[in-house]
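Peer 1: My structure is in upload-v9.csv, and what it holds is CSV, C-alpha atoms:
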```csv
chain,number,residue,atom,x,y,z
A,1,MET,CA,6.5,-26.7,23.8
A,2,ARG,CA,4.8,-23.4,23.4
A,3,SER,CA,2.7,-23.0,20.3
A,4,ILE,CA,1.7,-19.9,18.4
A,5,ILE,CA,-1.9,-18.7,18.9
A,6,ILE,CA,-3.6,-17.6,15.7
A,7,CYS,CA,-6.9,-15.6,16.1
A,8,PHE,CA,-9.4,-16.0,13.4
A,9,LEU,CA,-11.8,-13.3,12.2
A,10,ILE,CA,-15.1,-14.4,10.8
A,11,SER,CA,-15.9,-11.3,8.6
A,12,ASN,CA,-13.7,-9.9,5.9
A,13,PHE,CA,-11.0,-7.5,7.1
A,14,VAL,CA,-12.0,-3.9,6.9
A,15,PHE,CA,-8.9,-2.0,6.0
A,16,ALA,CA,-9.9,1.6,6.7
A,17,SER,CA,-11.1,1.0,10.2
A,18,ASN,CA,-8.1,-1.1,11.0
A,19,LEU,CA,-5.8,1.9,10.6
A,20,GLU,CA,-6.6,2.3,14.2
A,21,ILE,CA,-3.8,0.0,15.1
A,22,LEU,CA,-1.3,2.5,13.7
A,23,GLN,CA,0.5,5.2,15.7
A,24,ASN,CA,-1.5,8.5,16.0
A,25,ASP,CA,0.9,10.4,13.8
A,26,LYS,CA,0.6,7.9,11.0
A,27,LYS,CA,-3.2,7.8,11.3
A,28,GLU,CA,-3.3,11.6,11.2
A,29,LEU,CA,-1.0,11.7,8.2
A,30,ARG,CA,-3.2,9.1,6.3
A,31,ASN,CA,-6.4,11.2,7.2
A,32,LEU,CA,-4.8,14.4,6.1
A,33,GLU,CA,-3.8,12.9,2.8
A,34,LYS,CA,-7.4,11.7,2.3
A,35,LYS,CA,-8.7,15.2,3.1
A,36,SER,CA,-6.2,16.7,0.7
A,37,ILE,CA,-7.5,14.5,-2.1
A,38,GLU,CA,-11.1,15.4,-1.3
A,39,ALA,CA,-10.3,19.2,-1.2
A,40,SER,CA,-8.4,18.9,-4.5
A,41,TYR,CA,-11.5,17.3,-6.0
A,42,GLU,CA,-13.9,19.9,-4.8
A,43,ALA,CA,-11.6,22.7,-6.3
A,44,LEU,CA,-11.1,20.9,-9.6
A,45,LYS,CA,-14.7,20.0,-10.3
A,46,ASN,CA,-15.7,23.6,-10.1
A,47,ASP,CA,-12.6,25.0,-11.9
A,48,TRP,CA,-14.7,25.8,-15.0
A,49,ILE,CA,-16.8,28.3,-13.1
A,50,SER,CA,-15.4,31.9,-13.7
A,51,PRO,CA,-15.0,34.3,-10.8
A,52,ILE,CA,-17.1,37.4,-10.3
A,53,THR,CA,-14.9,40.5,-10.6
A,54,ILE,CA,-15.5,43.9,-8.8
A,55,ASN,CA,-13.6,47.0,-9.9
A,56,SER,CA,-13.8,50.4,-8.3
A,57,GLY,CA,-11.8,53.7,-8.8
A,58,LEU,CA,-11.4,57.3,-7.6
A,59,SER,CA,-9.7,60.0,-9.7
A,60,ARG,CA,-9.2,63.7,-9.6
A,61,ASP,CA,-8.5,65.8,-12.7
A,62,HIS,CA,-7.3,69.4,-12.8
A,63,SER,CA,-6.6,71.6,-15.9
A,64,PHE,CA,-4.4,74.6,-15.4
A,65,SER,CA,-5.3,76.2,-18.7
A,66,SER,CA,-9.1,76.0,-18.5
A,67,LYS,CA,-9.1,76.2,-14.7
A,68,SER,CA,-11.3,73.2,-14.5
A,69,GLY,CA,-11.3,70.1,-12.3
A,70,SER,CA,-13.3,67.1,-11.5
A,71,PHE,CA,-13.6,64.2,-9.0
A,72,ASP,CA,-14.5,60.9,-10.6
A,73,LYS,CA,-16.0,57.9,-8.8
A,74,SER,CA,-16.7,54.6,-10.6
A,75,ALA,CA,-17.5,51.0,-9.8
A,76,SER,CA,-18.4,47.9,-11.8
A,77,ILE,CA,-19.2,44.3,-11.2
A,78,GLY,CA,-19.4,41.5,-13.8
A,79,PHE,CA,-18.3,38.1,-15.0
A,80,THR,CA,-17.9,36.2,-18.2
A,81,GLN,CA,-18.9,32.6,-17.9
A,82,SER,CA,-18.4,29.8,-20.4
A,83,ILE,CA,-21.8,28.0,-20.8
A,84,TYR,CA,-21.0,25.7,-23.7
A,85,GLU,CA,-17.7,24.2,-24.7
A,86,SER,CA,-18.8,21.3,-27.0
A,87,GLY,CA,-18.8,19.0,-24.1
A,88,GLY,CA,-15.7,20.5,-22.4
A,89,ILE,CA,-17.6,21.5,-19.2
A,90,GLU,CA,-19.0,18.0,-18.7
A,91,LEU,CA,-15.6,16.5,-19.4
A,92,SER,CA,-13.9,18.9,-17.0
A,93,ILE,CA,-16.2,17.7,-14.2
A,94,GLN,CA,-15.8,14.1,-15.2
A,95,TYR,CA,-12.0,14.5,-15.3
A,96,ALA,CA,-12.1,15.8,-11.7
A,97,LYS,CA,-14.1,12.7,-10.7
A,98,ASP,CA,-11.7,10.4,-12.5
A,99,LYS,CA,-8.7,12.0,-10.9
A,100,TYR,CA,-10.4,11.7,-7.5
A,101,ASP,CA,-11.2,8.0,-8.0
A,102,SER,CA,-7.6,7.4,-9.1
A,103,GLU,CA,-6.1,9.2,-6.2
A,104,MET,CA,-8.4,7.6,-3.6
A,105,LEU,CA,-7.5,4.1,-4.9
A,106,ALA,CA,-3.8,5.0,-4.7
A,107,TRP,CA,-4.5,6.2,-1.1
A,108,GLU,CA,-6.2,2.9,-0.3
A,109,SER,CA,-3.3,1.0,-1.9
A,110,ASP,CA,-0.9,2.8,0.4
A,111,ASN,CA,-3.0,1.8,3.4
A,112,TYR,CA,-3.0,-1.8,2.3
A,113,THR,CA,0.8,-1.8,1.9
A,114,ILE,CA,1.3,-0.3,5.4
A,115,LEU,CA,-1.1,-2.9,7.0
A,116,GLN,CA,0.5,-5.7,5.0
A,117,THR,CA,3.9,-4.7,6.5
A,118,VAL,CA,2.4,-4.7,10.0
A,119,TYR,CA,0.8,-8.1,9.7
A,120,GLU,CA,3.6,-9.8,7.9
A,121,THR,CA,6.0,-8.4,10.6
A,122,LEU,CA,3.7,-10.0,13.2
A,123,LEU,CA,3.9,-13.3,11.4
A,124,GLU,CA,7.7,-13.0,11.1
A,125,ILE,CA,7.9,-12.4,14.8
A,126,SER,CA,5.8,-15.5,15.5
A,127,LYS,CA,8.0,-17.5,13.1
A,128,ILE,CA,11.3,-16.4,14.6
A,129,LYS,CA,10.0,-17.2,18.1
A,130,LEU,CA,9.3,-20.7,16.9
A,131,GLN,CA,12.7,-20.9,15.3
A,132,ILE,CA,14.3,-19.9,18.5
A,133,GLU,CA,12.5,-22.6,20.4
A,134,GLN,CA,13.3,-25.1,17.7
A,135,SER,CA,17.0,-24.1,17.7
A,136,SER,CA,17.3,-24.9,21.4
A,137,TYR,CA,16.5,-28.6,20.6
A,138,SER,CA,19.0,-28.6,17.7
A,139,LEU,CA,21.6,-27.2,20.0
A,140,GLN,CA,20.9,-30.0,22.5
A,141,ASN,CA,21.6,-32.5,19.8
A,142,LYS,CA,24.8,-30.8,18.8
A,143,GLU,CA,25.9,-30.9,22.4
A,144,ILE,CA,25.1,-34.6,22.7
A,145,GLU,CA,27.0,-35.2,19.4
A,146,LEU,CA,30.0,-33.4,20.8
A,147,ILE,CA,29.9,-35.5,24.0
A,148,LEU,CA,29.7,-38.7,22.1
A,149,LYS,CA,32.6,-37.8,19.8
A,150,LYS,CA,34.6,-36.8,22.8
A,151,ILE,CA,34.0,-40.1,24.5
A,152,GLN,CA,34.9,-42.0,21.3
A,153,TYR,CA,38.1,-40.0,20.9
A,154,GLU,CA,39.2,-40.5,24.5
A,155,ALA,CA,38.5,-44.2,24.1
A,156,GLY,CA,40.7,-44.3,21.0
A,157,SER,CA,37.8,-45.3,18.7
A,158,GLY,CA,37.2,-41.8,17.3
A,159,ASP,CA,39.0,-39.4,15.0
A,160,ILE,CA,40.2,-35.9,16.0
A,161,THR,CA,38.6,-34.6,12.8
A,162,ASP,CA,35.1,-35.9,13.8
A,163,LEU,CA,35.5,-34.3,17.2
A,164,ASN,CA,36.6,-31.0,15.7
A,165,ASN,CA,33.7,-31.1,13.3
A,166,ALA,CA,31.3,-31.7,16.2
A,167,MET,CA,32.7,-28.7,18.0
A,168,ILE,CA,32.3,-26.5,14.9
A,169,ALA,CA,28.7,-27.7,14.4
A,170,LYS,CA,27.9,-26.9,18.1
A,171,ASN,CA,29.4,-23.4,17.8
A,172,SER,CA,27.6,-22.8,14.5
A,173,GLN,CA,24.3,-23.7,16.1
A,174,TYR,CA,25.0,-21.5,19.0
A,175,LYS,CA,25.8,-18.6,16.7
A,176,GLU,CA,22.5,-19.3,14.8
A,177,ASN,CA,20.6,-19.0,18.1
A,178,ILE,CA,22.2,-15.6,18.8
A,179,SER,CA,21.4,-14.5,15.2
A,180,LEU,CA,17.7,-15.5,15.7
A,181,GLU,CA,17.5,-13.5,18.9
A,182,ASN,CA,18.9,-10.5,17.2
A,183,SER,CA,16.4,-11.0,14.3
A,184,LEU,CA,13.5,-11.1,16.8
A,185,LYS,CA,14.7,-7.8,18.3
A,186,ASP,CA,14.9,-6.2,14.8
A,187,LYS,CA,11.4,-7.3,13.9
A,188,ILE,CA,9.9,-6.1,17.2
A,189,PHE,CA,11.7,-2.7,16.5
A,190,GLU,CA,10.3,-2.7,13.0
A,191,LEU,CA,6.8,-3.2,14.3
A,192,SER,CA,7.2,-0.3,16.7
A,193,LYS,CA,7.7,2.1,13.8
A,194,TYR,CA,4.1,1.5,12.8
A,195,THR,CA,2.2,0.9,16.0
A,196,ASP,CA,2.4,1.4,19.7
A,197,LEU,CA,0.7,-1.9,20.4
A,198,LYS,CA,2.9,-4.9,21.3
A,199,TYR,CA,3.1,-7.9,19.0
A,200,ASP,CA,0.9,-10.0,21.3
A,201,GLU,CA,-1.8,-7.3,21.4
A,202,ILE,CA,-2.7,-7.5,17.8
A,203,GLU,CA,-4.9,-10.3,16.3
A,204,ILE,CA,-3.4,-12.1,13.4
A,205,ILE,CA,-5.8,-12.3,10.5
A,206,ASP,CA,-7.1,-15.5,9.0
A,207,PHE,CA,-6.0,-14.7,5.4
A,208,ASN,CA,-8.8,-16.1,3.2
A,209,ASN,CA,-7.9,-17.9,0.0
A,210,VAL,CA,-8.1,-15.6,-3.1
A,211,SER,CA,-9.1,-16.9,-6.5
A,212,LYS,CA,-7.0,-16.1,-9.5
A,213,GLU,CA,-9.8,-14.2,-11.1
A,214,ASP,CA,-10.3,-12.0,-8.0
A,215,TYR,CA,-6.5,-11.5,-7.6
A,216,VAL,CA,-6.3,-10.1,-11.1
A,217,SER,CA,-9.6,-8.2,-11.5
A,218,LYS,CA,-9.9,-6.8,-8.0
A,219,ASN,CA,-6.2,-6.2,-7.4
A,220,ILE,CA,-5.8,-2.8,-5.9
A,221,GLU,CA,-2.6,-2.1,-8.0
A,222,TYR,CA,-4.5,-2.9,-11.2
A,223,LEU,CA,-7.5,-0.8,-10.1
A,224,VAL,CA,-5.2,2.1,-9.6
A,225,GLU,CA,-3.7,1.7,-13.1
A,226,ASP,CA,-7.1,1.2,-14.6
A,227,ALA,CA,-8.5,4.3,-13.0
A,228,ARG,CA,-5.6,6.3,-14.5
A,229,VAL,CA,-6.6,4.9,-17.9
A,230,GLU,CA,-10.1,6.4,-17.4
A,231,MET,CA,-8.7,9.7,-16.2
A,232,LEU,CA,-6.2,10.1,-19.1
A,233,ASN,CA,-8.9,9.0,-21.6
A,234,THR,CA,-11.2,11.8,-20.2
A,235,ASN,CA,-8.3,14.2,-20.4
A,236,TYR,CA,-7.7,13.4,-24.1
A,237,LYS,CA,-11.4,14.0,-24.9
A,238,LYS,CA,-11.3,17.2,-22.9
A,239,THR,CA,-8.2,18.4,-24.7
A,240,LYS,CA,-10.0,17.9,-28.0
A,241,THR,CA,-12.8,20.3,-26.9
A,242,ASN,CA,-10.2,23.1,-26.6
A,243,TYR,CA,-10.4,23.3,-30.4
A,244,LEU,CA,-14.2,23.3,-30.8
A,245,PRO,CA,-16.7,26.1,-30.6
A,246,LYS,CA,-17.5,27.8,-27.2
A,247,VAL,CA,-20.3,30.1,-26.0
A,248,SER,CA,-19.8,32.5,-23.2
A,249,LEU,CA,-22.3,34.6,-21.2
A,250,GLY,CA,-21.1,38.0,-20.0
A,251,LEU,CA,-22.9,40.1,-17.4
A,252,ASN,CA,-21.7,43.6,-16.3
A,253,GLY,CA,-23.1,46.4,-14.1
A,254,SER,CA,-21.4,49.8,-13.6
A,255,TYR,CA,-21.8,53.0,-11.6
A,256,SER,CA,-20.2,56.4,-12.1
A,257,ASN,CA,-20.3,59.9,-10.8
A,258,ILE,CA,-18.3,63.1,-11.8
A,259,ASP,CA,-18.2,66.2,-9.5
A,260,ASP,CA,-17.1,69.6,-10.9
A,261,LEU,CA,-14.7,70.9,-8.3
A,262,ILE,CA,-14.5,74.4,-9.9
A,263,LYS,CA,-18.2,75.1,-10.1
A,264,ASN,CA,-18.8,73.0,-7.0
A,265,THR,CA,-21.6,71.1,-8.7
A,266,LYS,CA,-22.5,67.5,-8.5
A,267,ASN,CA,-23.7,65.3,-11.3
A,268,GLU,CA,-26.3,62.7,-10.9
A,269,ASP,CA,-25.2,59.1,-10.5
A,270,GLU,CA,-25.1,57.1,-13.6
A,271,THR,CA,-25.7,53.3,-13.6
A,272,SER,CA,-25.7,50.9,-16.5
A,273,GLY,CA,-25.8,47.2,-17.2
A,274,SER,CA,-25.0,44.9,-20.1
A,275,ALA,CA,-25.4,41.3,-21.1
A,276,SER,CA,-23.7,39.5,-23.9
A,277,LEU,CA,-23.4,36.1,-25.6
A,278,THR,CA,-20.1,35.4,-27.3
A,279,LEU,CA,-19.3,32.6,-29.7
A,280,SER,CA,-15.7,31.7,-30.2
A,281,VAL,CA,-14.3,29.3,-32.7
A,282,PRO,CA,-10.6,28.5,-32.7
A,283,LEU,CA,-9.3,28.8,-36.2
A,284,TYR,CA,-5.6,27.8,-35.9
A,285,ASP,CA,-3.3,26.6,-33.2
A,286,TYR,CA,0.2,25.7,-34.2
A,287,ASN,CA,0.5,23.2,-31.3
A,288,LYS,CA,-2.9,21.6,-31.7
A,289,THR,CA,-1.6,18.4,-33.4
A,290,SER,CA,1.2,17.8,-30.9
A,291,LYS,CA,-1.0,18.6,-27.8
A,292,LEU,CA,-3.7,16.1,-29.0
A,293,GLU,CA,-1.1,13.5,-29.9
A,294,ASP,CA,0.6,13.9,-26.5
A,295,ALA,CA,-2.7,13.5,-24.6
A,296,LYS,CA,-3.6,10.5,-26.8
A,297,LEU,CA,-0.3,8.8,-26.3
A,298,GLU,CA,-0.4,9.2,-22.5
A,299,TYR,CA,-3.8,7.5,-22.6
A,300,LEU,CA,-2.6,4.6,-24.8
A,301,LYS,CA,0.6,4.1,-22.8
A,302,GLN,CA,-1.4,3.9,-19.6
A,303,LYS,CA,-3.8,1.5,-21.1
A,304,SER,CA,-1.0,-0.7,-22.3
A,305,SER,CA,0.7,-0.5,-18.9
A,306,ALA,CA,-2.6,-1.6,-17.1
A,307,ASN,CA,-2.9,-4.6,-19.5
A,308,ASP,CA,0.7,-5.5,-19.0
A,309,LEU,CA,0.2,-5.4,-15.2
A,310,LYS,CA,-2.8,-7.7,-15.5
A,311,ASN,CA,-0.7,-10.3,-17.2
A,312,GLU,CA,2.1,-9.9,-14.6
A,313,LEU,CA,-0.5,-10.4,-11.8
A,314,ALA,CA,-1.7,-13.6,-13.3
A,315,TYR,CA,1.8,-15.0,-13.4
A,316,GLU,CA,2.5,-13.6,-9.9
A,317,TYR,CA,-0.6,-15.5,-8.6
A,318,GLU,CA,0.7,-18.8,-10.0
A,319,GLN,CA,4.1,-18.3,-8.4
A,320,ILE,CA,2.5,-17.7,-5.0
A,321,ILE,CA,0.2,-20.6,-5.2
A,322,ASN,CA,3.1,-22.8,-6.4
A,323,GLN,CA,5.1,-21.8,-3.3
A,324,ILE,CA,2.1,-22.6,-1.0
A,325,ASP,CA,1.8,-26.0,-2.7
A,326,THR,CA,5.6,-26.5,-2.0
A,327,TYR,CA,5.1,-25.8,1.7
A,328,LYS,CA,2.2,-28.2,1.8
A,329,LYS,CA,4.2,-31.0,0.2
A,330,GLN,CA,7.0,-30.3,2.6
A,331,ASN,CA,4.6,-30.7,5.5
A,332,LYS,CA,3.4,-34.1,4.1
A,333,ILE,CA,7.1,-35.3,4.2
A,334,ILE,CA,7.6,-33.8,7.7
A,335,GLU,CA,4.4,-35.5,9.0
A,336,ASP,CA,5.7,-38.9,7.6
A,337,ASN,CA,9.0,-38.3,9.4
A,338,ILE,CA,7.3,-37.5,12.7
A,339,LYS,CA,5.4,-40.8,12.5
A,340,LEU,CA,8.7,-42.6,11.8
A,341,TYR,CA,10.3,-40.9,14.8
A,342,ASP,CA,7.3,-41.9,17.0
A,343,ASP,CA,8.0,-45.6,16.0
A,344,LEU,CA,11.8,-45.2,16.7
A,345,ILE,CA,11.2,-43.5,20.0
A,346,THR,CA,8.8,-46.2,21.1
A,347,ALA,CA,11.3,-49.0,20.2
A,348,ASN,CA,14.3,-47.1,21.6
A,349,ARG,CA,12.5,-46.5,24.9
A,350,VAL,CA,12.0,-50.2,25.3
A,351,SER,CA,15.6,-51.0,24.6
A,352,ASN,CA,16.7,-48.1,26.8
A,353,ASP,CA,14.7,-49.4,29.7
A,354,ALA,CA,16.4,-52.8,29.2
A,355,GLY,CA,19.8,-51.1,29.2
A,356,MET,CA,20.5,-52.0,25.6
A,357,THR,CA,20.9,-48.5,24.2
A,358,SER,CA,22.2,-45.2,25.5
A,359,ALA,CA,19.9,-42.5,27.0
A,360,TYR,CA,21.6,-40.2,24.5
A,361,ASP,CA,20.0,-42.0,21.6
A,362,LEU,CA,16.5,-41.6,23.0
A,363,GLU,CA,17.2,-37.9,23.7
A,364,VAL,CA,18.5,-37.3,20.2
A,365,LEU,CA,15.4,-38.9,18.7
A,366,GLU,CA,13.0,-37.0,20.9
A,367,ASN,CA,14.8,-33.7,20.1
A,368,THR,CA,14.8,-34.4,16.4
A,369,LYS,CA,11.0,-35.1,16.5
A,370,LYS,CA,10.6,-31.7,18.3
A,371,VAL,CA,12.6,-30.0,15.5
A,372,ASN,CA,10.3,-31.6,12.9
A,373,GLU,CA,7.2,-30.5,14.8
A,374,TYR,CA,8.4,-27.0,14.8
A,375,ASP,CA,9.1,-27.3,11.0
A,376,LEU,CA,5.4,-28.0,10.6
A,377,GLN,CA,4.4,-24.9,12.6
A,378,ILE,CA,6.9,-22.7,10.8
A,379,ASN,CA,5.7,-23.9,7.4
A,380,GLU,CA,2.1,-23.0,8.4
A,381,ILE,CA,3.3,-19.5,9.0
A,382,ASN,CA,5.2,-19.5,5.7
A,383,ILE,CA,1.9,-20.4,4.1
A,384,LYS,CA,0.1,-17.6,5.8
A,385,LEU,CA,2.8,-15.2,4.6
A,386,GLN,CA,2.2,-16.3,1.1
A,387,PHE,CA,-1.6,-15.9,1.5
A,388,SER,CA,-1.0,-12.4,2.9
A,389,LYS,CA,0.6,-11.4,-0.4
A,390,LEU,CA,-2.7,-12.2,-2.1
A,391,TYR,CA,-5.0,-11.0,0.6
A,392,PHE,CA,-3.6,-7.5,1.0
A,393,LYS,CA,-3.8,-6.9,-2.8
A,394,ILE,CA,-7.5,-7.3,-3.0
A,395,LYS,CA,-9.8,-4.2,-2.6
A,396,GLY,CA,-12.1,-4.9,0.3
```
Could you show the structure in this file as structure tokens?
Peer 2:
Amino acid sequence: MRSIIICFLISNFVFASNLEILQNDKKELRNLEKKSIEASYEALKNDWISPITINSGLSRDHSFSSKSGSFDKSASIGFTQSIYESGGIELSIQYAKDKYDSEMLAWESDNYTILQTVYETLLEISKIKLQIEQSSYSLQNKEIELILKKIQYEAGSGDITDLNNAMIAKNSQYKENISLENSLKDKIFELSKYTDLKYDEIEIIDFNNVSKEDYVSKNIEYLVEDARVEMLNTNYKKTKTNYLPKVSLGLNGSYSNIDDLIKNTKNEDETSGSASLTLSVPLYDYNKTSKLEDAKLEYLKQKSSANDLKNELAYEYEQIINQIDTYKKQNKIIEDNIKLYDDLITANRVSNDAGMTSAYDLEVLENTKKVNEYDLQINEINIKLQFSKLYFKIKG
């Protein structure tokens, strides 16, 4: 009997670097999405800085009545920059940082989801391969059962209904074998959508146990929601500064020259500069109350949603742990059954050697023991699948 080989990793799994197992196009897409978030942050954090504006012009004037004309040249450069917004500038920069943190966490969460799909698919492949091997022993027992029912029927000691049921059971088992083979092909195909590596070329992670406290407080989905709370709270504070006093600094420099085209004379260049400080105080905005209320409600809704998710995660953790305990209890029963089959096989082998029992009996017992041994291995994979639901939700 072939057993599944599970490779154990000593250190914690580093998600970002393990994107290397993905196909090149998927890796490139993930990297481009990260760069897009970073570029958006760089633009947003400096969005409060005003641009410097340059203006220039040329014009020619001609008067038919006074027979005069001129050629005007002018240029100016300047900017008006807000230097105080009652905390609005600092909050604009903080909002950009909060938005970046939220989007980066969401990016990491997407990575975790992709990698969880890959590794759970690997486990499913290993599980189905075991089920296929297990199913072959079940089919052998169904074939033996059919042979025995046929012998009994031909000897006149069996019922046609029992023989028919044995035939149906064998065919059902055979169909199940075919179904498992198709499921294996489907899972291998599913894996190929994410990676060019074969299923036996990727190490299966040893999913460490996760405490309830960590699952709730370090859960990547919760961290994403909590980061959005901070972002919307900053946005609400920033919105309030829109209705508070602001101070702006203005700087401007200009150049001009006018040539008299009739007298053919040139004027000297004229240059000038100016600087100003402007205080602006919003007096009335019809939409002020609704805008502030909308920003505040968005923040409060997100905060409530994050708290609600935290409660759901605690319940989800208990469900997963309960399912793991169920598999472990099943394994205890299966182990007891295997010990019982060992005793029966030992006794049956003695009686079989003495010609007191049929060789079929011994084969059925041995096959059934094999089926139970596979159940143990399959349940171990089921336990790993449950642990993966916890493992891939924790920010590394």
Peer 1: Counting all atoms listed in the file, which residues in stretch 294-339 of chain A sit no more than 8 Å from stretch 356-376 of chain A? For each one, give the nearest pair of atoms and the distance in Å, sorted by chain then residue number, as a tab-separated table.
Peer 2:
```
residue	atom	partner	partner_atom	distance
A:Asn331	CA	A:Leu376	CA	5.8
A:Ile334	CA	A:Asn372	CA	6.3
A:Glu335	CA	A:Leu376	CA	7.7
A:Asn337	CA	A:Asn372	CA	7.7
A:Ile338	CA	A:Lys369	CA	5.8
```
Peer 1: With only C-alpha atoms as the counted atoms, please give the residues lying no more than 12 Å from A:Asp308, apart from itself and same-chain residues fewer than 4 positions off, as a short mmCIF file (atom, residue, chain, number, x, y, z; two decimals) with C-alpha atoms, in the frame of the given file.
Peer 2:
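Result file result.cif:
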```cif
data_model
loop_
_atom_site.label_atom_id
_atom_site.label_comp_id
_atom_site.auth_asym_id
_atom_site.auth_seq_id
_atom_site.Cartn_x
_atom_site.Cartn_y
_atom_site.Cartn_z
CA VAL A 216 -6.30 -10.10 -11.10
CA GLU A 221 -2.60 -2.10 -8.00
CA TYR A 222 -4.50 -2.90 -11.20
CA GLU A 225 -3.70 1.70 -13.10
CA ASP A 226 -7.10 1.20 -14.60
CA LYS A 301 0.60 4.10 -22.80
CA GLN A 302 -1.40 3.90 -19.60
CA LYS A 303 -3.80 1.50 -21.10
CA SER A 304 -1.00 -0.70 -22.30
CA GLU A 312 2.10 -9.90 -14.60
CA LEU A 313 -0.50 -10.40 -11.80
CA ALA A 314 -1.70 -13.60 -13.30
CA TYR A 315 1.80 -15.00 -13.40
#
```
Peer 1: Can you measure atom CA of A:Leu340 to atom CA of A:Lys129 for me? One decimal in Å is fine.
Peer 2: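 Taking atom CA of A:Leu340 as the start and atom CA of A:Lys129 as the end point, the length is 26.2 Å.
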Peer 1: Write out as a list of chain:residue names which residues come within 9 Å of A:Glu230 when counting only C-alpha atoms, dropping same-chain ones fewer than 5 positions away.
Peer 2: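 What passes the distance filter is A:Tyr95, A:Asp98, A:Lys99, A:Ser102, A:Asn235, A:Tyr299, A:Lys303.
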Peer 1: Using all atoms listed in the file, can you tell me which of A:Lys288, A:Lys26, A:Lys97, A:Lys170 comes closest to A:Glu145?
Peer 2: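 Going through A:Lys288, A:Lys26, A:Lys97, A:Lys170 one by one, the smallest distance to A:Glu145 is for A:Lys170.
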Peer 1: Which one of A:Ile125, A:Gln94, A:Leu115, A:Asn382 sits closest to A:Phe189 if you count all atoms listed in the file?
Peer 2: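 Closest to A:Phe189, using all atoms listed in the file: A:Ile125.
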Peer 1: Do you know which residues are at most 12 Å from A:Glu42 counting only C-alpha atoms, after dropping those on the same chain fewer than 4 positions away, and could you put them as a list in words?
Peer 2: Lys35, Ser36, Ile37, Glu38, Asn46, Asp47, Trp48, Ile93, Tyr95, Ala96, Lys97, Lys99 and Tyr100 of chain A
Peer 1: Select, from A:Ser86, A:Gln377, A:Asn307, A:Ser50, the residue with the minimum atom-to-atom distance to A:Lys237, counting only C-alpha atoms.
Peer 2: A:Ser86
Peer 1: With only C-alpha atoms as the atoms that count, which of A:Asn379, A:Ser92, A:Thr161, A:Ser280 lies nearest to A:Ile128?
Peer 2: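 Among A:Asn379, A:Ser92, A:Thr161, A:Ser280, it is A:Asn379 that comes nearest to A:Ile128.
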Peer 1: Separation of atom CA of A:Ser179 and atom CA of A:Lys384, in Å?
Peer 2: 23.5 Å
Peer 1: Go through A:Val224, A:Ser274, A:Asn141, A:Glu380 and flag the residue nearest A:Leu249, using only C-alpha atoms for the distances.
Peer 2: A:Ser274
Peer 1: Write out as a ChimeraX atom specification the residues lying within 8 Å of A:Lys246, counting only C-alpha atoms and excluding same-chain residues fewer than 2 positions away.
Peer 2: /A:82-86,244,248,279-281
Peer 1: Might you pull out every residue within 8 Å of A:Gln116, with all atoms listed in the file counted and same-chain residues fewer than 5 positions away left off, and present them as a PyMOL selection string?
Peer 2: chain A and resi 388-389+392
Peer 1: So, with only C-alpha atoms as the atoms that count, which of A:Ala275, A:Ile204, A:Leu139, A:Ile324 lies closest to A:Tyr174?
Peer 2: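 Comparing A:Ala275, A:Ile204, A:Leu139, A:Ile324 against A:Tyr174, the winner is A:Leu139.
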Peer 1: Quote the spacing between atom CA of A:Gln134 and atom CA of A:Ile147 in Å to one decimal place.
Peer 2: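 Taking atom CA of A:Gln134 as the start and atom CA of A:Ile147 as the end point, the length is 20.6 Å.
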Peer 1: The residues within 9 Å of (-12.8, 1.0, -2.9), using all atoms listed in the file and the coordinates of the file, should be reported as a VMD selection string; which are they?
Peer 2: chain A and resid 101 104 to 105 108 220 395 to 396
